[in-house]
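Engineer: Handing over my_file.cif, mmCIF, C-alpha atoms.
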```cif
data_input
#
loop_
_atom_site.group_PDB
_atom_site.id
_atom_site.type_symbol
_atom_site.label_atom_id
_atom_site.label_comp_id
_atom_site.auth_asym_id
_atom_site.auth_seq_id
_atom_site.Cartn_x
_atom_site.Cartn_y
_atom_site.Cartn_z
ATOM 1 C CA ARG E 1 27.171 60.143 -15.139
ATOM 2 C CA ARG E 2 24.879 58.660 -17.708
ATOM 3 C CA PHE E 3 21.648 56.752 -17.172
ATOM 4 C CA GLN E 4 20.417 55.093 -20.320
ATOM 5 C CA GLU E 5 17.488 52.921 -21.373
ATOM 6 C CA LEU E 6 17.336 51.190 -24.713
ATOM 7 C CA ALA E 7 14.531 49.441 -26.570
ATOM 8 C CA GLY E 8 15.251 47.758 -29.841
ATOM 9 C CA ILE E 9 15.170 44.766 -32.087
ATOM 10 C CA GLY E 10 17.882 42.711 -33.699
ATOM 11 C CA ASN E 11 18.638 39.719 -35.805
ATOM 12 C CA LYS E 12 21.313 37.070 -36.108
ATOM 13 C CA LEU E 13 23.670 37.684 -39.024
ATOM 14 C CA VAL E 14 25.703 34.520 -38.400
ATOM 15 C CA LEU E 15 25.015 31.680 -35.987
ATOM 16 C CA ASN E 16 26.992 28.455 -35.684
ATOM 17 C CA ARG E 17 28.279 26.036 -33.025
ATOM 18 C CA THR E 18 30.919 28.312 -31.496
ATOM 19 C CA TRP E 19 30.161 31.888 -32.491
ATOM 20 C CA GLN E 20 27.363 34.368 -33.164
ATOM 21 C CA LEU E 21 27.100 37.778 -34.811
ATOM 22 C CA TRP E 22 24.077 39.978 -34.124
ATOM 23 C CA ALA E 23 22.946 43.377 -35.433
ATOM 24 C CA LEU E 24 20.557 45.506 -33.363
ATOM 25 C CA SER E 25 18.949 48.940 -33.519
ATOM 26 C CA GLY E 26 16.152 50.851 -31.808
ATOM 27 C CA LEU E 27 15.747 53.944 -29.625
ATOM 28 C CA SER E 28 17.784 55.014 -26.624
ATOM 29 C CA LEU E 29 16.668 57.512 -23.985
ATOM 30 C CA GLY E 30 19.407 58.882 -21.768
ATOM 31 C CA GLN E 31 19.981 61.345 -18.960
ATOM 32 C CA GLU E 32 23.457 62.811 -18.497
ATOM 33 C CA LYS E 33 24.917 64.964 -15.750
ATOM 34 C CA SER E 34 28.354 66.513 -16.194
ATOM 35 C CA THR E 35 30.869 67.223 -13.453
ATOM 36 C CA GLN E 36 29.821 70.884 -13.801
ATOM 37 C CA GLY E 37 26.217 69.937 -12.874
ATOM 38 C CA ILE E 38 24.809 70.368 -16.401
ATOM 39 C CA GLU E 39 21.914 67.938 -16.978
ATOM 40 C CA THR E 40 20.641 66.898 -20.395
ATOM 41 C CA VAL E 41 18.116 64.405 -21.710
ATOM 42 C CA THR E 42 18.951 62.732 -25.018
ATOM 43 C CA LEU E 43 17.054 60.618 -27.517
ATOM 44 C CA GLU E 44 19.316 58.584 -29.807
ATOM 45 C CA VAL E 45 19.209 55.847 -32.426
ATOM 46 C CA PRO E 46 21.761 53.119 -31.606
ATOM 47 C CA PHE E 47 23.328 50.787 -34.173
ATOM 48 C CA MET E 48 24.942 47.798 -32.463
ATOM 49 C CA LEU E 49 27.024 44.817 -33.551
ATOM 50 C CA ARG E 50 27.557 42.052 -30.990
ATOM 51 C CA PHE E 51 29.972 39.173 -31.477
ATOM 52 C CA ASN E 52 30.214 36.116 -29.209
ATOM 53 C CA PHE E 53 32.743 33.290 -29.404
ATOM 54 C CA PHE E 54 32.506 30.460 -26.904
ATOM 55 C CA LYS E 55 34.096 27.089 -26.320
ATOM 56 C CA TYR E 56 32.942 24.889 -23.462
ATOM 57 C CA GLN E 57 34.743 21.636 -24.284
ATOM 58 C CA GLN E 58 38.089 20.906 -22.580
ATOM 59 C CA ILE E 59 38.514 24.593 -21.675
ATOM 60 C CA ASN E 60 35.853 27.167 -20.920
ATOM 61 C CA LEU E 61 36.643 30.189 -23.076
ATOM 62 C CA GLN E 62 34.472 33.147 -24.059
ATOM 63 C CA VAL E 63 35.245 36.193 -26.168
ATOM 64 C CA TYR E 64 32.611 38.809 -26.828
ATOM 65 C CA ALA E 65 32.663 42.243 -28.359
ATOM 66 C CA THR E 66 30.021 44.947 -28.592
ATOM 67 C CA GLN E 67 30.370 47.966 -30.857
ATOM 68 C CA THR E 68 27.610 50.585 -30.650
ATOM 69 C CA PHE E 69 27.209 53.845 -32.568
ATOM 70 C CA TYR E 70 24.604 56.390 -31.427
ATOM 71 C CA VAL E 71 23.111 59.142 -33.585
ATOM 72 C CA SER E 72 21.369 61.856 -31.557
ATOM 73 C CA LEU E 73 17.827 62.925 -32.436
ATOM 74 C CA THR E 74 17.751 65.745 -29.853
ATOM 75 C CA ASP E 75 21.206 67.242 -30.533
ATOM 76 C CA ALA E 76 21.750 67.451 -34.310
ATOM 77 C CA GLY E 77 25.242 66.418 -35.347
ATOM 78 C CA ARG E 78 26.124 64.641 -32.116
ATOM 79 C CA VAL E 79 27.388 61.075 -32.460
ATOM 80 C CA ARG E 80 28.690 58.712 -29.809
ATOM 81 C CA TYR E 81 30.491 55.370 -29.817
ATOM 82 C CA ASP E 82 30.818 52.720 -27.103
ATOM 83 C CA GLY E 83 32.921 49.631 -27.666
ATOM 84 C CA SER E 84 34.123 46.757 -25.545
ATOM 85 C CA LEU E 85 36.089 43.560 -26.002
ATOM 86 C CA ASN E 86 35.994 40.924 -23.252
ATOM 87 C CA TYR E 87 38.009 37.737 -22.842
ATOM 88 C CA SER E 88 37.080 35.208 -20.146
ATOM 89 C CA HIS E 89 38.947 31.967 -19.455
ATOM 90 C CA GLU E 90 38.255 29.341 -16.793
ATOM 91 C CA LEU E 91 41.588 28.815 -15.023
ATOM 92 C CA VAL E 92 40.421 25.957 -12.806
ATOM 93 C CA HIS E 93 36.953 24.707 -11.960
ATOM 94 C CA ASN E 94 34.695 27.797 -11.458
ATOM 95 C CA PHE E 95 37.629 30.296 -11.235
ATOM 96 C CA TYR E 96 37.815 32.701 -14.172
ATOM 97 C CA LEU E 97 40.266 35.257 -15.474
ATOM 98 C CA THR E 98 38.559 38.098 -17.353
ATOM 99 C CA ILE E 99 40.167 40.926 -19.312
ATOM 100 C CA ASN E 100 38.045 43.825 -20.563
ATOM 101 C CA PHE E 101 39.064 46.564 -23.006
ATOM 102 C CA TYR E 102 36.721 49.490 -23.608
ATOM 103 C CA SER E 103 36.638 52.730 -25.556
ATOM 104 C CA ASN E 104 34.162 55.601 -25.803
ATOM 105 C CA TYR E 105 33.816 58.624 -28.053
ATOM 106 C CA ASP E 106 31.418 61.590 -27.866
ATOM 107 C CA SER E 107 31.576 64.249 -30.578
ATOM 108 C CA ARG E 108 29.851 66.751 -28.272
ATOM 109 C CA PRO E 109 30.221 65.912 -24.551
ATOM 110 C CA THR E 110 27.860 67.571 -22.071
ATOM 111 C CA ASP E 111 30.748 69.559 -20.565
ATOM 112 C CA ALA E 112 32.537 71.397 -23.394
ATOM 113 C CA ASN E 113 35.881 71.138 -21.545
ATOM 114 C CA SER E 114 35.695 67.337 -21.314
ATOM 115 C CA SER E 115 37.683 64.973 -23.476
ATOM 116 C CA THR E 116 35.845 63.456 -26.435
ATOM 117 C CA THR E 117 37.494 60.040 -25.977
ATOM 118 C CA ASP E 118 37.983 57.594 -23.134
ATOM 119 C CA PHE E 119 39.528 54.143 -23.070
ATOM 120 C CA GLY E 120 40.772 51.662 -20.537
ATOM 121 C CA THR E 121 41.129 48.093 -19.436
ATOM 122 C CA SER E 122 40.247 45.973 -16.438
ATOM 123 C CA LEU E 123 41.450 42.619 -15.174
ATOM 124 C CA SER E 124 39.505 40.428 -12.782
ATOM 125 C CA VAL E 125 39.601 37.003 -11.211
ATOM 126 C CA SER E 126 36.223 35.616 -10.199
ATOM 127 C CA TYR E 127 34.526 32.576 -8.777
ATOM 128 C CA LYS E 128 31.155 31.505 -10.196
ATOM 129 C CA PHE E 129 28.788 29.260 -8.296
#
```
Can you dump the structure from the file as structure tokens?

Structural biologist:
Amino acid sequence: RRFQELAGIGNKLVLNRTWQLWALSGLSLGQEKSTQGIETVTLEVPFMLRFNFFKYQQINLQVYATQTFYVSLTDAGRVRYDGSLNYSHELVHNFYLTINFYSNYDSRPTDANSSTTDFGTSLSVSYKF
């Protein structure tokens, strides 16, 4: 498991009527516990790009992606990556179909026998009120 807190600042790189691109950075403090019971505390510098595309006329459509790279300050040479791509579409009034793709990489996982990469997808139907 990983518990993580992040404080940072960012700025808009591009902003228009239907899409936005942001860049952010700061400091991240995390606590990890492996399946073997090994606990570590990490201090990292994240570099994040966040992209949002949205269309609310005629159809309600949103696409957003977040790509984050972490450089460890407490474990020299360790780098991590978290990425996600989400697509959300309003099927009928207040009912949404959402597809999420994610991927993760850790050059030095807490448990040495663990995989360095993880990826997956999820599909959901939701009602918003």

Engineer: List every protein, DNA or RNA residue that has an atom no more than 9 Å from (15.4, 54.1, -29.4) in the file's coordinate frame, counting only C-alpha atoms, and report them as number ranges by chain.

Structural biologist: E: 5-8, 25-29, 43-46

Engineer: Those residues with C-alpha atoms, as a CSV table (one decimal), in the coordinates of the input please?

Structural biologist:
```csv
chain,number,residue,atom,x,y,z
E,5,GLU,CA,17.5,52.9,-21.4
E,6,LEU,CA,17.3,51.2,-24.7
E,7,ALA,CA,14.5,49.4,-26.6
E,8,GLY,CA,15.3,47.8,-29.8
E,25,SER,CA,18.9,48.9,-33.5
E,26,GLY,CA,16.2,50.9,-31.8
E,27,LEU,CA,15.7,53.9,-29.6
E,28,SER,CA,17.8,55.0,-26.6
E,29,LEU,CA,16.7,57.5,-24.0
E,43,LEU,CA,17.1,60.6,-27.5
E,44,GLU,CA,19.3,58.6,-29.8
E,45,VAL,CA,19.2,55.8,-32.4
E,46,PRO,CA,21.8,53.1,-31.6
```

Engineer: Which distance in Å separates CA of Leu73 (chain E) and CA of Arg108 (chain E), to one decimal?

Structural biologist: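 That distance, rounded to one decimal, is 13.3 Å.
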
Engineer: For a quick check of understanding, using all atoms listed in the file, which of E:Thr18, E:Arg1, E:Glu90, E:Asn113 has the smallest distance to Gly30 (chain E)?

Structural biologist: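 Between E:Thr18, E:Arg1, E:Glu90, E:Asn113, the residue approaching Gly30 (chain E) most closely is E:Arg1.
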
Engineer: Using only C-alpha atoms, pick whichever of E:Phe51, E:Pro109, E:Leu61, E:Ser114 has the shortest atom-to-atom distance to Leu85 (chain E).

Structural biologist: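 Using only C-alpha atoms, Leu85 (chain E) sits closest to E:Phe51.
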
Engineer: I'd like to see the residues matched by the PyMOL selection byres ((chain E and resi 123) around 10) on this file, and ideally I'd get them as number ranges by chain.

Structural biologist: E: 86-88, 97-101, 121-122, 124-125
